[in-house]
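Structure data follow from protein.pdb (PDB, C-alpha atoms, pLDDT in the B column):
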ATOM      1  CA  MET A   1     -28.905 152.852 -67.393  1.00 80.00           C
ATOM      2  CA  PHE A   2     -26.044 151.820 -65.077  1.00 89.00           C
ATOM      3  CA  ALA A   3     -23.543 152.767 -67.802  1.00 87.00           C
ATOM      4  CA  SER A   4     -20.856 153.703 -65.277  1.00 92.00           C
ATOM      5  CA  LEU A   5     -21.204 150.354 -63.507  1.00 96.00           C
ATOM      6  CA  PHE A   6     -21.063 148.368 -66.741  1.00 95.00           C
ATOM      7  CA  GLU A   7     -17.875 150.178 -67.706  1.00 94.00           C
ATOM      8  CA  HIS A   8     -16.274 148.280 -64.831  1.00 96.00           C
ATOM      9  CA  TYR A   9     -18.316 145.075 -64.462  1.00 97.00           C
ATOM     10  CA  ASP A  10     -19.740 142.476 -66.835  1.00 96.00           C
ATOM     11  CA  ARG A  11     -22.681 141.679 -64.594  1.00 96.00           C
ATOM     12  CA  LEU A  12     -24.491 142.945 -61.534  1.00 98.00           C
ATOM     13  CA  VAL A  13     -25.866 140.408 -59.063  1.00 98.00           C
ATOM     14  CA  LEU A  14     -28.416 141.800 -56.620  1.00 98.00           C
ATOM     15  CA  PHE A  15     -29.358 139.413 -53.854  1.00 98.00           C
ATOM     16  CA  ASP A  16     -31.337 139.069 -50.644  1.00 97.00           C
ATOM     17  CA  THR A  17     -31.664 136.527 -47.865  1.00 97.00           C
ATOM     18  CA  GLU A  18     -34.241 135.457 -45.330  1.00 97.00           C
ATOM     19  CA  THR A  19     -32.777 133.999 -42.159  1.00 98.00           C
ATOM     20  CA  THR A  20     -33.751 132.308 -38.903  1.00 98.00           C
ATOM     21  CA  GLY A  21     -32.433 135.266 -36.888  1.00 97.00           C
ATOM     22  CA  LEU A  22     -29.898 138.059 -36.775  1.00 95.00           C
ATOM     23  CA  THR A  23     -26.729 136.292 -35.570  1.00 95.00           C
ATOM     24  CA  TYR A  24     -24.503 135.501 -38.544  1.00 92.00           C
ATOM     25  CA  SER A  25     -22.441 132.805 -36.838  1.00 89.00           C
ATOM     26  CA  ARG A  26     -25.425 130.942 -35.370  1.00 93.00           C
ATOM     27  CA  ASP A  27     -28.549 131.543 -37.458  1.00 97.00           C
ATOM     28  CA  GLU A  28     -29.121 130.207 -40.968  1.00 98.00           C
ATOM     29  CA  ILE A  29     -30.225 131.391 -44.385  1.00 98.00           C
ATOM     30  CA  ILE A  30     -33.629 129.887 -45.180  1.00 98.00           C
ATOM     31  CA  GLU A  31     -34.196 131.610 -48.535  1.00 98.00           C
ATOM     32  CA  PHE A  32     -31.706 132.978 -51.044  1.00 98.00           C
ATOM     33  CA  ALA A  33     -32.808 135.045 -54.046  1.00 98.00           C
ATOM     34  CA  ALA A  34     -30.781 136.871 -56.675  1.00 98.00           C
ATOM     35  CA  VAL A  35     -31.144 138.528 -60.042  1.00 97.00           C
ATOM     36  CA  VAL A  36     -28.404 138.833 -62.626  1.00 97.00           C
ATOM     37  CA  VAL A  37     -28.377 142.085 -64.605  1.00 96.00           C
ATOM     38  CA  GLU A  38     -26.274 142.280 -67.756  1.00 95.00           C
ATOM     39  CA  ALA A  39     -25.934 144.843 -70.539  1.00 90.00           C
ATOM     40  CA  ALA A  40     -27.501 143.664 -73.799  1.00 82.00           C
ATOM     41  CA  ASP A  41     -27.409 146.021 -76.796  1.00 80.00           C
ATOM     42  CA  GLY A  42     -26.508 148.850 -74.465  1.00 75.00           C
ATOM     43  CA  GLU A  43     -29.468 148.282 -72.146  1.00 85.00           C
ATOM     44  CA  PRO A  44     -29.428 146.522 -68.770  1.00 90.00           C
ATOM     45  CA  LYS A  45     -31.598 143.426 -68.669  1.00 92.00           C
ATOM     46  CA  ILE A  46     -32.377 140.856 -66.028  1.00 93.00           C
ATOM     47  CA  THR A  47     -30.918 137.709 -67.557  1.00 95.00           C
ATOM     48  CA  ARG A  48     -31.526 135.329 -64.677  1.00 96.00           C
ATOM     49  CA  GLU A  49     -33.654 135.089 -61.556  1.00 96.00           C
ATOM     50  CA  TYR A  50     -32.850 132.688 -58.744  1.00 98.00           C
ATOM     51  CA  ASP A  51     -35.036 131.969 -55.723  1.00 98.00           C
ATOM     52  CA  GLU A  52     -34.684 128.890 -53.548  1.00 98.00           C
ATOM     53  CA  LEU A  53     -35.531 127.809 -50.036  1.00 98.00           C
ATOM     54  CA  VAL A  54     -32.516 126.431 -48.171  1.00 98.00           C
ATOM     55  CA  ALA A  55     -32.690 123.269 -46.079  1.00 98.00           C
ATOM     56  CA  LEU A  56     -32.003 123.636 -42.371  1.00 97.00           C
ATOM     57  CA  SER A  57     -29.126 122.000 -40.556  1.00 96.00           C
ATOM     58  CA  PRO A  58     -30.041 118.837 -38.604  1.00 95.00           C
ATOM     59  CA  GLY A  59     -32.150 119.853 -35.625  1.00 95.00           C
ATOM     60  CA  GLY A  60     -32.757 123.335 -37.014  1.00 96.00           C
ATOM     61  CA  PHE A  61     -36.136 125.041 -37.043  1.00 97.00           C
ATOM     62  CA  VAL A  62     -37.791 128.302 -38.056  1.00 98.00           C
ATOM     63  CA  PRO A  63     -38.685 130.394 -34.980  1.00 98.00           C
ATOM     64  CA  PRO A  64     -42.379 131.360 -34.790  1.00 98.00           C
ATOM     65  CA  LYS A  65     -41.629 135.083 -35.243  1.00 97.00           C
ATOM     66  CA  ILE A  66     -39.649 134.393 -38.420  1.00 97.00           C
ATOM     67  CA  GLN A  67     -42.376 132.122 -39.761  1.00 97.00           C
ATOM     68  CA  GLN A  68     -44.938 134.840 -39.080  1.00 97.00           C
ATOM     69  CA  LEU A  69     -42.751 137.441 -40.811  1.00 95.00           C
ATOM     70  CA  THR A  70     -41.787 135.420 -43.886  1.00 95.00           C
ATOM     71  CA  GLY A  71     -44.463 132.757 -44.181  1.00 96.00           C
ATOM     72  CA  ILE A  72     -41.696 130.144 -44.373  1.00 97.00           C
ATOM     73  CA  SER A  73     -42.164 127.157 -42.046  1.00 98.00           C
ATOM     74  CA  THR A  74     -39.823 124.418 -40.882  1.00 98.00           C
ATOM     75  CA  GLN A  75     -41.971 121.994 -42.873  1.00 98.00           C
ATOM     76  CA  ASP A  76     -41.556 124.072 -46.034  1.00 98.00           C
ATOM     77  CA  LEU A  77     -37.785 123.782 -45.717  1.00 98.00           C
ATOM     78  CA  ARG A  78     -37.942 120.040 -45.077  1.00 97.00           C
ATOM     79  CA  GLU A  79     -40.097 119.484 -48.142  1.00 97.00           C
ATOM     80  CA  ARG A  80     -38.711 122.041 -50.603  1.00 97.00           C
ATOM     81  CA  GLY A  81     -35.394 123.319 -49.286  1.00 98.00           C
ATOM     82  CA  LEU A  82     -32.318 122.694 -51.427  1.00 98.00           C
ATOM     83  CA  SER A  83     -29.247 121.377 -49.668  1.00 98.00           C
ATOM     84  CA  LYS A  84     -26.785 124.010 -48.520  1.00 98.00           C
ATOM     85  CA  THR A  85     -24.044 122.527 -50.699  1.00 98.00           C
ATOM     86  CA  ARG A  86     -26.276 122.779 -53.775  1.00 98.00           C
ATOM     87  CA  VAL A  87     -27.143 126.412 -52.996  1.00 98.00           C
ATOM     88  CA  CYS A  88     -23.456 127.221 -52.523  1.00 98.00           C
ATOM     89  CA  ARG A  89     -22.662 125.718 -55.934  1.00 98.00           C
ATOM     90  CA  ASP A  90     -25.468 127.748 -57.495  1.00 98.00           C
ATOM     91  CA  ILE A  91     -24.187 130.946 -55.883  1.00 98.00           C
ATOM     92  CA  ALA A  92     -20.668 130.283 -57.157  1.00 98.00           C
ATOM     93  CA  GLU A  93     -22.089 130.021 -60.681  1.00 98.00           C
ATOM     94  CA  LEU A  94     -24.223 133.150 -60.283  1.00 98.00           C
ATOM     95  CA  ILE A  95     -21.354 135.399 -59.188  1.00 98.00           C
ATOM     96  CA  ALA A  96     -18.578 133.980 -61.395  1.00 97.00           C
ATOM     97  CA  GLY A  97     -16.498 136.343 -63.471  1.00 96.00           C
ATOM     98  CA  ASN A  98     -16.273 140.119 -63.299  1.00 97.00           C
ATOM     99  CA  THR A  99     -19.316 140.602 -61.075  1.00 98.00           C
ATOM    100  CA  LEU A 100     -20.443 143.387 -58.731  1.00 98.00           C
ATOM    101  CA  LEU A 101     -22.423 142.171 -55.706  1.00 98.00           C
ATOM    102  CA  LEU A 102     -25.267 144.431 -54.560  1.00 98.00           C
ATOM    103  CA  ALA A 103     -27.823 144.304 -51.755  1.00 98.00           C
ATOM    104  CA  TYR A 104     -29.902 146.585 -49.567  1.00 98.00           C
ATOM    105  CA  ASN A 105     -28.122 146.423 -46.203  1.00 97.00           C
ATOM    106  CA  ALA A 106     -25.363 144.419 -47.854  1.00 98.00           C
ATOM    107  CA  HIS A 107     -23.274 143.936 -44.719  1.00 98.00           C
ATOM    108  CA  PHE A 108     -26.056 141.798 -43.221  1.00 97.00           C
ATOM    109  CA  ASP A 109     -26.600 139.614 -46.285  1.00 98.00           C
ATOM    110  CA  LEU A 110     -22.898 139.266 -47.090  1.00 98.00           C
ATOM    111  CA  SER A 111     -22.154 138.221 -43.514  1.00 97.00           C
ATOM    112  CA  PHE A 112     -24.741 135.434 -43.676  1.00 98.00           C
ATOM    113  CA  LEU A 113     -23.538 134.440 -47.134  1.00 98.00           C
ATOM    114  CA  PHE A 114     -19.952 134.162 -45.887  1.00 97.00           C
ATOM    115  CA  TYR A 115     -20.941 131.800 -43.074  1.00 97.00           C
ATOM    116  CA  LEU A 116     -23.052 129.673 -45.428  1.00 98.00           C
ATOM    117  CA  LEU A 117     -20.103 129.336 -47.787  1.00 98.00           C
ATOM    118  CA  LEU A 118     -17.687 128.718 -44.923  1.00 97.00           C
ATOM    119  CA  ARG A 119     -19.711 125.721 -43.721  1.00 97.00           C
ATOM    120  CA  SER A 120     -21.034 124.283 -46.959  1.00 98.00           C
ATOM    121  CA  GLY A 121     -19.108 125.764 -49.887  1.00 98.00           C
ATOM    122  CA  ASP A 122     -16.056 127.867 -50.642  1.00 98.00           C
ATOM    123  CA  PRO A 123     -15.914 131.385 -49.141  1.00 97.00           C
ATOM    124  CA  ALA A 124     -12.996 132.180 -51.462  1.00 97.00           C
ATOM    125  CA  ILE A 125     -15.555 132.830 -54.245  1.00 98.00           C
ATOM    126  CA  LEU A 126     -16.255 136.173 -52.520  1.00 97.00           C
ATOM    127  CA  LYS A 127     -12.606 137.181 -52.642  1.00 95.00           C
ATOM    128  CA  GLY A 128     -11.938 140.001 -55.065  1.00 95.00           C
ATOM    129  CA  LYS A 129     -15.638 140.696 -55.640  1.00 98.00           C
ATOM    130  CA  ASP A 130     -16.558 144.362 -55.331  1.00 98.00           C
ATOM    131  CA  LYS A 131     -19.625 145.148 -53.233  1.00 98.00           C
ATOM    132  CA  LEU A 132     -22.244 147.909 -53.241  1.00 98.00           C
ATOM    133  CA  ASP A 133     -24.666 148.618 -50.394  1.00 98.00           C
ATOM    134  CA  LEU A 134     -27.784 150.414 -51.592  1.00 98.00           C
ATOM    135  CA  LEU A 135     -28.852 151.194 -48.022  1.00 98.00           C
ATOM    136  CA  THR A 136     -25.740 153.344 -47.692  1.00 98.00           C
ATOM    137  CA  VAL A 137     -26.726 155.219 -50.860  1.00 98.00           C
ATOM    138  CA  PHE A 138     -30.290 155.778 -49.627  1.00 97.00           C
ATOM    139  CA  ARG A 139     -29.118 157.062 -46.221  1.00 96.00           C
ATOM    140  CA  ASP A 140     -26.900 159.585 -48.009  1.00 96.00           C
ATOM    141  CA  ARG A 141     -29.872 160.989 -49.923  1.00 96.00           C
ATOM    142  CA  HIS A 142     -32.925 160.708 -47.673  1.00 95.00           C
ATOM    143  CA  SER A 143     -33.693 161.323 -44.015  1.00 92.00           C
ATOM    144  CA  TYR A 144     -34.706 158.577 -41.568  1.00 91.00           C
ATOM    145  CA  PRO A 145     -36.393 156.025 -41.773  1.00 94.00           C
ATOM    146  CA  HIS A 146     -34.220 153.951 -44.078  1.00 95.00           C
ATOM    147  CA  ARG A 147     -35.860 150.544 -44.448  1.00 95.00           C
ATOM    148  CA  LEU A 148     -36.376 149.068 -47.903  1.00 96.00           C
ATOM    149  CA  CYS A 149     -40.077 149.917 -47.608  1.00 96.00           C
ATOM    150  CA  SER A 150     -39.034 153.537 -46.941  1.00 96.00           C
ATOM    151  CA  ALA A 151     -37.033 153.588 -50.165  1.00 97.00           C
ATOM    152  CA  ILE A 152     -39.943 152.063 -52.100  1.00 97.00           C
ATOM    153  CA  GLU A 153     -42.220 154.830 -50.840  1.00 97.00           C
ATOM    154  CA  ALA A 154     -39.663 157.614 -51.360  1.00 97.00           C
ATOM    155  CA  TYR A 155     -39.206 156.661 -55.013  1.00 97.00           C
ATOM    156  CA  GLY A 156     -42.919 156.291 -55.731  1.00 97.00           C
ATOM    157  CA  LEU A 157     -42.706 152.544 -56.271  1.00 97.00           C
ATOM    158  CA  SER A 158     -45.566 151.524 -53.986  1.00 95.00           C
ATOM    159  CA  GLY A 159     -47.930 149.295 -55.933  1.00 91.00           C
ATOM    160  CA  LYS A 160     -45.216 148.438 -58.443  1.00 94.00           C
ATOM    161  CA  VAL A 161     -42.970 146.398 -56.137  1.00 93.00           C
ATOM    162  CA  VAL A 162     -43.385 144.995 -52.634  1.00 86.00           C
ATOM    163  CA  ASN A 163     -41.261 144.651 -49.511  1.00 86.00           C
ATOM    164  CA  SER A 164     -42.820 141.362 -48.407  1.00 86.00           C
ATOM    165  CA  HIS A 165     -40.000 139.864 -46.319  1.00 86.00           C
ATOM    166  CA  ARG A 166     -39.633 137.202 -48.983  1.00 91.00           C
ATOM    167  CA  ALA A 167     -36.232 137.309 -50.610  1.00 91.00           C
ATOM    168  CA  VAL A 168     -37.410 137.175 -54.228  1.00 90.00           C
ATOM    169  CA  ASP A 169     -39.834 140.097 -53.784  1.00 94.00           C
ATOM    170  CA  ASP A 170     -37.290 142.145 -51.892  1.00 95.00           C
ATOM    171  CA  VAL A 171     -34.520 141.643 -54.428  1.00 96.00           C
ATOM    172  CA  LEU A 172     -36.802 142.697 -57.302  1.00 95.00           C
ATOM    173  CA  ALA A 173     -37.788 145.739 -55.251  1.00 96.00           C
ATOM    174  CA  THR A 174     -34.094 146.492 -54.763  1.00 97.00           C
ATOM    175  CA  VAL A 175     -33.537 146.443 -58.524  1.00 95.00           C
ATOM    176  CA  ALA A 176     -36.329 149.004 -58.969  1.00 96.00           C
ATOM    177  CA  VAL A 177     -34.965 151.163 -56.148  1.00 97.00           C
ATOM    178  CA  MET A 178     -31.491 151.123 -57.706  1.00 97.00           C
ATOM    179  CA  GLU A 179     -32.915 152.254 -61.056  1.00 95.00           C
ATOM    180  CA  GLU A 180     -34.523 155.240 -59.336  1.00 97.00           C
ATOM    181  CA  MET A 181     -31.327 155.983 -57.431  1.00 97.00           C
ATOM    182  CA  GLU A 182     -29.370 156.248 -60.655  1.00 95.00           C
ATOM    183  CA  LYS A 183     -31.960 158.601 -62.154  1.00 95.00           C
ATOM    184  CA  GLU A 184     -31.636 160.712 -58.998  1.00 95.00           C
ATOM    185  CA  LYS A 185     -27.839 160.983 -59.138  1.00 95.00           C
ATOM    186  CA  ASP A 186     -25.264 159.110 -61.174  1.00 94.00           C
ATOM    187  CA  ASP A 187     -22.709 158.372 -58.474  1.00 97.00           C
ATOM    188  CA  LEU A 188     -23.343 154.709 -57.602  1.00 97.00           C
ATOM    189  CA  LEU A 189     -19.802 153.780 -58.591  1.00 97.00           C
ATOM    190  CA  ARG A 190     -18.476 156.038 -55.817  1.00 98.00           C
ATOM    191  CA  TYR A 191     -20.123 153.743 -53.235  1.00 98.00           C
ATOM    192  CA  VAL A 192     -18.438 150.523 -54.343  1.00 98.00           C
ATOM    193  CA  ASN A 193     -16.761 148.909 -51.294  1.00 98.00           C
ATOM    194  CA  LEU A 194     -17.917 151.830 -49.086  1.00 98.00           C
ATOM    195  CA  PHE A 195     -20.468 150.973 -46.399  1.00 98.00           C
ATOM    196  CA  GLY A 196     -22.027 153.353 -43.919  1.00 97.00           C
ATOM    197  CA  TYR A 197     -22.959 152.391 -40.381  1.00 96.00           C
ATOM    198  CA  ASN A 198     -24.960 153.908 -37.541  1.00 91.00           C
ATOM    199  CA  PRO A 199     -22.434 155.690 -35.286  1.00 91.00           C
ATOM    200  CA  LYS A 200     -24.617 154.963 -32.239  1.00 90.00           C
ATOM    201  CA  TYR A 201     -24.347 151.188 -32.655  1.00 90.00           C
ATOM    202  CA  GLY A 202     -21.172 150.681 -34.668  1.00 93.00           C
ATOM    203  CA  ILE A 203     -20.560 147.887 -37.165  1.00 94.00           C
ATOM    204  CA  GLU A 204     -22.642 144.802 -36.434  1.00 89.00           C
ATOM    205  CA  GLY A 205     -20.520 141.669 -36.394  1.00 88.00           C
ATOM    206  CA  LYS A 206     -17.199 141.369 -38.183  1.00 93.00           C
ATOM    207  CA  PRO A 207     -16.155 143.948 -40.778  1.00 96.00           C
ATOM    208  CA  ILE A 208     -15.672 142.693 -44.334  1.00 96.00           C
ATOM    209  CA  GLY A 209     -12.007 143.027 -45.176  1.00 94.00           C
ATOM    210  CA  SER A 210     -12.425 144.520 -48.652  1.00 95.00           C
ATOM    211  CA  VAL A 211     -14.921 147.152 -47.485  1.00 98.00           C
ATOM    212  CA  THR A 212     -14.246 150.616 -46.040  1.00 98.00           C
ATOM    213  CA  TYR A 213     -16.709 151.505 -43.263  1.00 98.00           C
ATOM    214  CA  LYS A 214     -17.613 155.053 -42.310  1.00 97.00           C
ATOM    215  CA  ALA A 215     -20.014 156.407 -39.695  1.00 96.00           C
ATOM    216  CA  GLN A 216     -23.122 157.750 -41.419  1.00 95.00           C
ATOM    217  CA  PRO A 217     -25.597 160.167 -39.793  1.00 88.00           C
ATOM    218  CA  TYR A 218     -29.383 159.701 -39.868  1.00 83.00           C
ATOM    219  CA  ASP A 219     -29.858 162.886 -41.859  1.00 83.00           C
ATOM    220  CA  PRO A 220     -27.731 163.394 -44.993  1.00 85.00           C
ATOM    221  CA  VAL A 221     -25.210 166.220 -44.926  1.00 84.00           C
ATOM    222  CA  LYS A 222     -22.845 165.362 -47.758  1.00 91.00           C
ATOM    223  CA  PRO A 223     -21.991 162.156 -49.617  1.00 96.00           C
ATOM    224  CA  LEU A 224     -20.169 159.564 -47.552  1.00 97.00           C
ATOM    225  CA  TYR A 225     -17.441 159.330 -50.182  1.00 97.00           C
ATOM    226  CA  GLU A 226     -16.589 163.000 -49.525  1.00 95.00           C
ATOM    227  CA  THR A 227     -16.157 162.608 -45.753  1.00 90.00           C
TER     228      THR A 227
END
Please, can you express the file's structure as structure tokens?
Amino acid sequence: MFASLFEHYDRLVLFDTETTGLTYSRDEIIEFAAVVVEAADGEPKITREYDELVALSPGGFVPPKIQQLTGISTQDLRERGLSKTRVCRDIAELIAGNTLLLAYNAHFDLSFLFYLLLRSGDPAILKGKDKLDLLTVFRDRHSYPHRLCSAIEAYGLSGKVVNSHRAVDDVLATVAVMEEMEKEKDDLLRYVNLFGYNPKYGIEGKPIGSVTYKAQPYDPVKPLYET
């Protein structure tokens, strides 16, 4: 499993965030979760799980709609949220070395991660890290809709994993989705640093410098790496 990826990387770090909103430069990460996958005796194994609430900036709060969606309250973050600097140090440790970063809708999560590191850590830790967006892969293989819950259903994972809008659940669901994707077609390596975007809306926010972006239709025609 993931043999082609482990030929190039020592570890895979899949991650997910919950945030106070959708604006990278203004809103904040309130939960960060990640799993580290490494090859042991030729088999991929989850060697570490990380899931922490992140303290808000002074004066910050969780909007009611976000609290309703995630179940995370402003009080939860005051009582149990780790400081942003601590979370940034933890992330630096998680992704050290020859690591591939993966997420479902990676542009969103990486954009928030960059701003967190810019304010409270060192964004240079992202430099040179290859990135894989599993949403791009799913859009290449399956017709609309393309949410994580759509992928869970398409791969027959309902009841095994959940898309709960809590970062730890969603990142574990993403691991399961990726396993099914590789069984479906062994071309994940072709999507490294290649992100698709909706041609109707364009790229949201700032492009990531190390990533190539290509317009991707709702209904798959041919792999994005062949366009």
inquiry  = Given all atoms listed in the file as the basis, pick out the residue of A:Tyr191, A:Tyr155, A:Phe61, A:Tyr9 nearest to A:Arg78.
reply    = A:Phe61
query = Rounded to one decimal in Å, what is the spacing between atom CA of A:Phe138 and atom CA of A:Arg26?
reply =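 About the pair atom CA of A:Phe138 and atom CA of A:Arg26: they are 29.0 Å apart.
Selection result for the displayed file, with the PyMOL selection byres ((chain A and resi 83-97) around 7) as criterion, is Val13, Val54, Ala55, Gly81, Leu82, Asn98, Thr99, Leu117, Ser120, Gly121 and Ile125 of chain A.
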Can you spit out the residues from that selection as a short mmCIF file (atom, residue, chain, number, x, y, z; two decimals), keeping the file's coordinate frame, using C-alpha atoms?
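Below is the file result-v4.cif, written as the result:
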data_model
loop_
_atom_site.label_atom_id
_atom_site.label_comp_id
_atom_site.auth_asym_id
_atom_site.auth_seq_id
_atom_site.Cartn_x
_atom_site.Cartn_y
_atom_site.Cartn_z
CA VAL A 13 -25.87 140.41 -59.06
CA VAL A 54 -32.52 126.43 -48.17
CA ALA A 55 -32.69 123.27 -46.08
CA GLY A 81 -35.39 123.32 -49.29
CA LEU A 82 -32.32 122.69 -51.43
CA ASN A 98 -16.27 140.12 -63.30
CA THR A 99 -19.32 140.60 -61.08
CA LEU A 117 -20.10 129.34 -47.79
CA SER A 120 -21.03 124.28 -46.96
CA GLY A 121 -19.11 125.76 -49.89
CA ILE A 125 -15.56 132.83 -54.24
#
message = List as a list in words the protein and nucleic acid residues near A:Ala106, meaning an atom at most 10 Å away when all atoms listed in the file are counted, but skip any in the same chain fewer than 5 places from it.
response =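 Residues near the query, excluding close chain neighbours: Leu14, Phe15, Asp16, Leu101, Ser111, Phe112, Lys131, Leu132, Asp133, Leu134, Leu135, Thr136 and Phe195 of chain A.
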ask   = What separation in Å, quoted to one decimal, exists between atom CA of A:Lys127 and atom CA of A:Ala173?
value =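 Computing the Euclidean distance for atom CA of A:Lys127 and atom CA of A:Ala173 yields 26.7 Å.
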inquiry  = Which residues are near A:Asp140? Cut-off 9 Å, only C-alpha atoms, ignore same chain within fewer than 2 positions. Put them as number ranges by chain.
reply    = A: 135-138, 142-143, 196, 216-224
ask   = Mind listing as a PyMOL selection string all residues within 10 Å of (-40.8, 123.3, -45.0), counting all atoms listed in the file?
value = chain A and resi 30+53-56+61-62+72-81
message = Given the PyMOL selection byres ((chain A and resi 46) around 8) and the file above, list the residues it selects as a ChimeraX atom specification.
response = /A:35-38,44-45,47-49
Write the residues of the preceding selection, restricted to C-alpha atoms, as an mmCIF file, in the frame of the given file.
data_model
loop_
_atom_site.group_PDB
_atom_site.id
_atom_site.type_symbol
_atom_site.label_atom_id
_atom_site.label_comp_id
_atom_site.auth_asym_id
_atom_site.auth_seq_id
_atom_site.Cartn_x
_atom_site.Cartn_y
_atom_site.Cartn_z
ATOM 1 C CA VAL A 35 -31.144 138.528 -60.042
ATOM 2 C CA VAL A 36 -28.404 138.833 -62.626
ATOM 3 C CA VAL A 37 -28.377 142.085 -64.605
ATOM 4 C CA GLU A 38 -26.274 142.280 -67.756
ATOM 5 C CA PRO A 44 -29.428 146.522 -68.770
ATOM 6 C CA LYS A 45 -31.598 143.426 -68.669
ATOM 7 C CA THR A 47 -30.918 137.709 -67.557
ATOM 8 C CA ARG A 48 -31.526 135.329 -64.677
ATOM 9 C CA GLU A 49 -33.654 135.089 -61.556
#
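Of the listed residues (A:Ala33, A:Asn198, A:Glu204, A:Leu69), A:Ala33 comes nearest to A:Thr174; the distances count only C-alpha atoms.
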ask   = How far is it from atom CA of A:Lys183 to atom CA of A:Ile152, in Å with one decimal?
value =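 About the pair atom CA of A:Lys183 and atom CA of A:Ile152: they are 14.4 Å apart.
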message = Can you spell out as a list in words the set of residues that the PyMOL selection byres ((chain A and resi 148) around 8) selects in the structure I just provided?
response = Tyr104, Leu135, His146, Arg147, Cys149, Ser150, Ala151, Ile152, Asn163 and Thr174 of chain A
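The shortest atom-to-atom distance to A:Val192, with all atoms listed in the file taken into account, belongs to A:Asp130 out of A:Asp27, A:Asp170, A:Asp130, A:Glu153.
For the choices A:Tyr201, A:Tyr144, A:Tyr50, A:Tyr24, the atom-to-atom distance to A:Tyr115 is smallest for A:Tyr24 when using all atoms listed in the file.
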request  = Measuring atom to atom with only C-alpha atoms, identify which of A:Ser158, A:Met1, A:Gly21, A:Ala167 is nearest to A:Pro64.
outcome  =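 Counting only C-alpha atoms, the residue closest to A:Pro64 is A:Gly21.
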How big is the axis-aligned box around all listed atoms of stretch 185-204 of chain A once 6 Å goes on each side, and where's its centre, in Å to one decimal, as AutoDock Vina command-line options?
--center_x -22.3 --center_y 152.9 --center_z -46.7 --size_x 23.1 --size_y 28.2 --size_z 40.9
ask   = Which residue, A:Ala124, A:Met178, A:Ile66, A:Leu118, has the smallest gap to A:Arg166 when you use only C-alpha atoms?
value = A:Ile66
Incomplete stretch 134-145 of chain A brought to N, CA and C atoms, written out as an mmCIF file, in the frame of the given file:
data_model
loop_
_atom_site.group_PDB
_atom_site.id
_atom_site.type_symbol
_atom_site.label_atom_id
_atom_site.label_comp_id
_atom_site.auth_asym_id
_atom_site.auth_seq_id
_atom_site.Cartn_x
_atom_site.Cartn_y
_atom_site.Cartn_z
ATOM 1 N N LEU A 134 -26.815 149.394 -51.180
ATOM 2 C CA LEU A 134 -27.784 150.414 -51.592
ATOM 3 C C LEU A 134 -28.432 151.110 -50.402
ATOM 4 N N LEU A 135 -28.393 150.502 -49.232
ATOM 5 C CA LEU A 135 -28.852 151.194 -48.022
ATOM 6 C C LEU A 135 -27.959 152.392 -47.731
ATOM 7 N N THR A 136 -26.668 152.235 -47.895
ATOM 8 C CA THR A 136 -25.740 153.344 -47.692
ATOM 9 C C THR A 136 -26.075 154.499 -48.628
ATOM 10 N N VAL A 137 -26.369 154.182 -49.883
ATOM 11 C CA VAL A 137 -26.726 155.219 -50.860
ATOM 12 C C VAL A 137 -28.000 155.935 -50.416
ATOM 13 N N PHE A 138 -29.014 155.171 -50.013
ATOM 14 C CA PHE A 138 -30.290 155.778 -49.627
ATOM 15 C C PHE A 138 -30.127 156.673 -48.399
ATOM 16 N N ARG A 139 -29.331 156.245 -47.423
ATOM 17 C CA ARG A 139 -29.118 157.062 -46.221
ATOM 18 C C ARG A 139 -28.413 158.369 -46.554
ATOM 19 N N ASP A 140 -27.587 158.368 -47.595
ATOM 20 C CA ASP A 140 -26.900 159.585 -48.009
ATOM 21 C C ASP A 140 -27.851 160.592 -48.650
ATOM 22 N N ARG A 141 -28.990 160.125 -49.134
ATOM 23 C CA ARG A 141 -29.872 160.989 -49.923
ATOM 24 C C ARG A 141 -31.197 161.316 -49.251
ATOM 25 N N HIS A 142 -31.606 160.536 -48.272
ATOM 26 C CA HIS A 142 -32.925 160.708 -47.673
ATOM 27 C C HIS A 142 -32.844 160.582 -46.149
ATOM 28 N N SER A 143 -33.657 161.358 -45.472
ATOM 29 C CA SER A 143 -33.693 161.323 -44.015
ATOM 30 C C SER A 143 -34.343 160.030 -43.510
ATOM 31 N N TYR A 144 -34.123 159.733 -42.241
ATOM 32 C CA TYR A 144 -34.706 158.577 -41.568
ATOM 33 C C TYR A 144 -36.226 158.585 -41.733
ATOM 34 N N PRO A 145 -36.897 157.402 -41.882
ATOM 35 C CA PRO A 145 -36.393 156.025 -41.773
ATOM 36 C C PRO A 145 -35.769 155.522 -43.076
#
